[in-house]
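Just below is one structure, and these are the notes that go with it.
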Amino acid sequence: MRQAMMLLLVSLSLPISANAQDPRAFHAKELADYYKGSLRLGPNLARARTIYDQLRNDSGMEFRVIPCQTFSAGQAHDGGIILIDISLLQKPTPIVAFFLSHEWGHEALGHSPNIYRPNANAWRIRYSATQDEDEADEYAANFMAQHHYALDPVIAYLRRIPYSRGDFTHSWGPARAQHVQSVYQNALAQDPTGNQEPGSDKPVDCDEAFADCRREAGRELNELARTHLEEIKSLGCPCNNLVGLAFFNCREECNTRMAEMEIERDTFWQSKLDECKADRRRCQNK
Ligand SMILES: [Zn+2]
């Protein structure tokens with residue numbers, strides 16, 4: 001009975017301490033991480049490189065990642081530029097993996113125009129103020145599950161982010177944490193290797209074959225994107241450079257064709273991915 005009471009008390013007190021969001025303590029820690037991170041930038045970048053390679057292989061896309069001071073975990077910019085904070089790179093690997101994949105998600109999903117999705121942002125309808133951020137969180141949660149990164153440090157970090165009245169695009173920290181956790185758990189439940197130790201990332205043969213299949217699909221997608229770029233140039237569209245914003249000032253026929261191309265690339269990628277998934281199912285059922 002006493003044990004039961006203790007358990008009850010502990011479980012009642014947990015959410016309160018887990019949600020403690022002291023802005024001064026949070027920002028002091030961020031500043032300390034920035035200075036420590038500046039001194040350890042080389043090794044920290046080497047560690048982030050593994051995550052970068054996973055993101056590149058998974059998505060079949062390649063974006064530039066620049067370490068700097070952003071006063072946030074990171075930012076995704078037009079033209080496929082990701083700024084990542086030096087203080088973030090200093091944090092435990094799962095936290096680096098989460099925020100790098102979150103920013104990668106903004107680019108891969110076309111929240112900022114880039115070479116793979118030149119018109120995506122302009123053509124999208126958003127259903128809520130936090131939609132882009134929630135989608136990038138989902139992208140990151142799926143990535144974390146796929147590679148068996150531990151989620152607990154990320155959840156604890158998200159819960160500590162202080163409430164900001166001026167921030168309408170991010171869901172509130174604890175709500176974000178809950179959303180990320182449920183997407184992560186769903187992804188693990190669908191992943192036959194999901195019961196492995198977090199972080200071990202040792203795929204069984206079928207998963208290795210799947211990763212190879214997806215890498216190959218990524219290469220083919222890049223090839224298709226290059227063909228599209230050539231076609232756009234040959235149409236004489238005045239928008240044949242790779243800087244994101246330049247795409248917005250194109251002639252109507254250029255915009256139309258580029259929108260079609262993007263759907264073509266989406267469809268191509270989706271069907272290739274479905275083929276890879278079907279192969280994996282067949283492999284697992286052998
Ligand atoms: Zn974001």
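Going through the structure tokens in order, the chains are called A, B, and so on, while each chain numbers its residues from 1 and the ligands are numbered from 1 in the order shown.
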
Exercise. Which residues, written as a ChimeraX atom specification, have at least one atom at most 8 Å from segment 179-190 of chain A, with only C-alpha atoms counted and residues fewer than 4 positions away on the same chain left out?
Worked result: /A:137-138,141-142,144-146,151,155,175,194-195

Writing out the chosen residues with N, CA and C atoms as a tab-separated table (two decimals), in the first residue's frame:
chain	number	residue	atom	x	y	z
A	137	ASP	N	8.10	18.48	-37.85
A	137	ASP	CA	8.27	17.62	-36.67
A	137	ASP	C	7.96	16.16	-37.01
A	138	GLU	N	6.92	15.96	-37.84
A	138	GLU	CA	6.56	14.59	-38.22
A	138	GLU	C	7.67	13.95	-39.06
A	141	ALA	N	10.32	13.01	-36.64
A	141	ALA	CA	9.97	11.86	-35.79
A	141	ALA	C	10.09	10.56	-36.57
A	142	ASN	N	9.65	10.58	-37.84
A	142	ASN	CA	9.78	9.38	-38.68
A	142	ASN	C	11.24	9.03	-38.93
A	144	MET	N	13.77	9.77	-36.98
A	144	MET	CA	14.34	9.26	-35.72
A	144	MET	C	13.98	7.79	-35.51
A	145	ALA	N	12.73	7.44	-35.82
A	145	ALA	CA	12.30	6.05	-35.65
A	145	ALA	C	13.01	5.14	-36.65
A	146	GLN	N	13.09	5.62	-37.88
A	146	GLN	CA	13.71	4.85	-38.96
A	146	GLN	C	15.14	4.44	-38.59
A	151	LEU	N	14.40	8.81	-28.35
A	151	LEU	CA	13.58	10.02	-28.42
A	151	LEU	C	13.52	10.77	-27.08
A	155	ILE	N	12.27	14.71	-26.26
A	155	ILE	CA	11.02	15.03	-25.57
A	155	ILE	C	11.31	15.95	-24.38
A	175	ALA	N	3.00	20.35	-26.19
A	175	ALA	CA	2.11	19.81	-27.24
A	175	ALA	C	2.96	19.23	-28.38
A	194	GLY	N	11.81	-2.20	-35.12
A	194	GLY	CA	11.58	-1.16	-34.11
A	194	GLY	C	11.83	-1.59	-32.68
A	195	ASN	N	11.94	-2.91	-32.44
A	195	ASN	CA	12.16	-3.35	-31.07
A	195	ASN	C	13.63	-3.42	-30.70

Exercise. Residues at most 7 Å from ligand 1, using only C-alpha atoms and all ligand atoms? Could they come as JSON, numbers by chain?
Worked result: {"A": [75, 102, 103, 106, 133, 136]}

Expected file: the selected residues, N, CA and C atoms, as a PDB file, in the first residue's frame:
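What landed in again.pdb:
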ATOM      1  N   GLN A  75      17.423  26.956 -38.969  1.00  0.00           N
ATOM      2  CA  GLN A  75      16.475  27.602 -39.880  1.00  0.00           C
ATOM      3  C   GLN A  75      16.630  26.992 -41.265  1.00  0.00           C
ATOM      4  N   HIS A 102      14.427  17.992 -38.710  1.00  0.00           N
ATOM      5  CA  HIS A 102      13.293  18.924 -38.755  1.00  0.00           C
ATOM      6  C   HIS A 102      13.534  19.975 -39.855  1.00  0.00           C
ATOM      7  N   GLU A 103      14.738  20.571 -39.862  1.00  0.00           N
ATOM      8  CA  GLU A 103      15.041  21.597 -40.882  1.00  0.00           C
ATOM      9  C   GLU A 103      15.101  20.959 -42.271  1.00  0.00           C
ATOM     10  N   HIS A 106      11.681  20.691 -43.623  1.00  0.00           N
ATOM     11  CA  HIS A 106      11.149  21.935 -44.210  1.00  0.00           C
ATOM     12  C   HIS A 106      11.546  22.022 -45.679  1.00  0.00           C
ATOM     13  N   GLU A 133       5.346  23.687 -39.275  1.00  0.00           N
ATOM     14  CA  GLU A 133       6.198  23.217 -38.180  1.00  0.00           C
ATOM     15  C   GLU A 133       5.803  21.816 -37.736  1.00  0.00           C
ATOM     16  N   ALA A 136       7.131  19.375 -40.274  1.00  0.00           N
ATOM     17  CA  ALA A 136       8.586  19.183 -40.147  1.00  0.00           C
ATOM     18  C   ALA A 136       8.890  18.308 -38.926  1.00  0.00           C
TER      19      ALA A 136
END

For this session: Could you tell me which of A:Asn57, A:Ala259, A:His170, A:Cys213 comes closest to Thr130 of chain A if we count only C-alpha atoms?
Result: A:His170

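Backbone DSSP assigns strand (DSSP E) in segment 2-188 of chain A to Arg64, Val65, Ile66, Pro67, Cys68, Gly74, Gln75, Ala76, His77, Ile81, Ile82, Leu83, Ile84 and Asp85 of chain A.
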
Limited to N, CA and C atoms, could you put the picked residues into a file as a PDB file, in the first residue's frame?
ATOM      1  N   ARG A  64      22.450  22.269 -48.412  1.00  0.00           N
ATOM      2  CA  ARG A  64      23.647  22.803 -47.749  1.00  0.00           C
ATOM      3  C   ARG A  64      23.333  23.063 -46.286  1.00  0.00           C
ATOM      4  N   VAL A  65      24.210  22.611 -45.401  1.00  0.00           N
ATOM      5  CA  VAL A  65      24.025  22.862 -43.966  1.00  0.00           C
ATOM      6  C   VAL A  65      25.176  23.731 -43.473  1.00  0.00           C
ATOM      7  N   ILE A  66      24.836  24.885 -42.924  1.00  0.00           N
ATOM      8  CA  ILE A  66      25.859  25.845 -42.505  1.00  0.00           C
ATOM      9  C   ILE A  66      25.767  26.068 -40.992  1.00  0.00           C
ATOM     10  N   PRO A  67      26.849  25.783 -40.246  1.00  0.00           N
ATOM     11  CA  PRO A  67      26.810  26.025 -38.799  1.00  0.00           C
ATOM     12  C   PRO A  67      26.983  27.511 -38.503  1.00  0.00           C
ATOM     13  N   CYS A  68      26.158  28.054 -37.625  1.00  0.00           N
ATOM     14  CA  CYS A  68      26.264  29.469 -37.265  1.00  0.00           C
ATOM     15  C   CYS A  68      25.460  29.738 -35.994  1.00  0.00           C
ATOM     16  N   GLY A  74      17.723  25.958 -35.477  1.00  0.00           N
ATOM     17  CA  GLY A  74      18.163  26.014 -36.864  1.00  0.00           C
ATOM     18  C   GLY A  74      17.116  26.712 -37.702  1.00  0.00           C
ATOM     19  N   GLN A  75      17.423  26.956 -38.969  1.00  0.00           N
ATOM     20  CA  GLN A  75      16.475  27.602 -39.880  1.00  0.00           C
ATOM     21  C   GLN A  75      16.630  26.992 -41.265  1.00  0.00           C
ATOM     22  N   ALA A  76      15.502  26.860 -41.984  1.00  0.00           N
ATOM     23  CA  ALA A  76      15.551  26.386 -43.367  1.00  0.00           C
ATOM     24  C   ALA A  76      15.245  27.576 -44.271  1.00  0.00           C
ATOM     25  N   HIS A  77      16.143  27.849 -45.222  1.00  0.00           N
ATOM     26  CA  HIS A  77      15.986  29.029 -46.073  1.00  0.00           C
ATOM     27  C   HIS A  77      15.748  28.665 -47.533  1.00  0.00           C
ATOM     28  N   ILE A  81      19.068  26.077 -48.277  1.00  0.00           N
ATOM     29  CA  ILE A  81      20.102  26.406 -47.295  1.00  0.00           C
ATOM     30  C   ILE A  81      19.562  26.151 -45.891  1.00  0.00           C
ATOM     31  N   ILE A  82      20.279  25.341 -45.143  1.00  0.00           N
ATOM     32  CA  ILE A  82      19.891  25.088 -43.751  1.00  0.00           C
ATOM     33  C   ILE A  82      20.952  25.690 -42.838  1.00  0.00           C
ATOM     34  N   LEU A  83      20.532  26.591 -41.947  1.00  0.00           N
ATOM     35  CA  LEU A  83      21.450  27.121 -40.943  1.00  0.00           C
ATOM     36  C   LEU A  83      21.245  26.309 -39.676  1.00  0.00           C
ATOM     37  N   ILE A  84      22.335  25.807 -39.120  1.00  0.00           N
ATOM     38  CA  ILE A  84      22.189  25.005 -37.907  1.00  0.00           C
ATOM     39  C   ILE A  84      22.994  25.657 -36.797  1.00  0.00           C
ATOM     40  N   ASP A  85      22.403  25.742 -35.615  1.00  0.00           N
ATOM     41  CA  ASP A  85      23.054  26.492 -34.550  1.00  0.00           C
ATOM     42  C   ASP A  85      24.206  25.715 -33.928  1.00  0.00           C
TER      43      ASP A  85
END

For this session: Would you mind telling me which residue in A:Leu224, A:Ala209, A:Val96, A:Ile115 lies nearest to Gly80 of chain A when using only C-alpha atoms?
Result: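 Using only C-alpha atoms, the shortest distance to Gly80 of chain A belongs to A:Ile115.
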
For this session: Counting only C-alpha atoms, figure out which residue out of A:Gln178, A:Asn114, A:Thr267, A:Thr93 gets nearest to Ala150 of chain A.
Result: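 Ranked by minimum distance to Ala150 of chain A, first place goes to A:Thr93.
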
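Distance check against Phe26 of chain A using only C-alpha atoms: of A:Met261, A:Arg49, A:Ile86, A:Leu158, the minimum falls on A:Leu158.
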
Exercise. Could you name the residues that touch Ala48 of chain A at 9 Å or less, counting only C-alpha atoms, but leaving out those on the same chain fewer than 5 positions away, as number ranges by chain?
Worked result: A: 43, 53, 89, 93, 96-97, 100

Exercise. Nearest to Pro113 of chain A among A:Asp78, A:Asp134, A:Ser234, A:Phe63, with distances taken over only C-alpha atoms: which residue is it?
Worked result: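 Among the listed residues, A:Asp78 lies closest to Pro113 of chain A.
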
For this session: Select, from A:Ser59, A:Ser38, A:Ser87, A:Thr70, the residue with the minimum atom-to-atom distance to Phe143 of chain A, counting only C-alpha atoms.
Result: A:Ser59

Exercise. Hey, can you check how far atom CA of Lys272 of chain A sits from atom CA of Thr50 of chain A?
Worked result: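 Computed distance, atom CA of Lys272 of chain A to atom CA of Thr50 of chain A, equals 24.6 Å.
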
For this session: Show which residues sit within 12 Å of Arg24 of chain A, as a PyMOL selection string. Count only C-alpha atoms, and ignore same-chain residues fewer than 4 positions away.
Result: chain A and resi 20+28-31+160-163

Could you write out that same residue set with C-alpha atoms as a PDB file, in the first residue's frame?
ATOM      1  CA  ALA A  20       9.244  23.128 -15.911  1.00  0.00           C
ATOM      2  CA  ALA A  28      21.698  30.391 -20.008  1.00  0.00           C
ATOM      3  CA  LYS A  29      22.153  26.740 -21.015  1.00  0.00           C
ATOM      4  CA  GLU A  30      21.813  27.640 -24.707  1.00  0.00           C
ATOM      5  CA  LEU A  31      24.512  30.303 -24.350  1.00  0.00           C
ATOM      6  CA  ARG A 160      11.840  22.785 -21.610  1.00  0.00           C
ATOM      7  CA  ILE A 161      11.471  25.276 -24.493  1.00  0.00           C
ATOM      8  CA  PRO A 162       9.934  28.354 -22.837  1.00  0.00           C
ATOM      9  CA  TYR A 163       6.506  29.535 -23.940  1.00  0.00           C
TER      10      TYR A 163
END
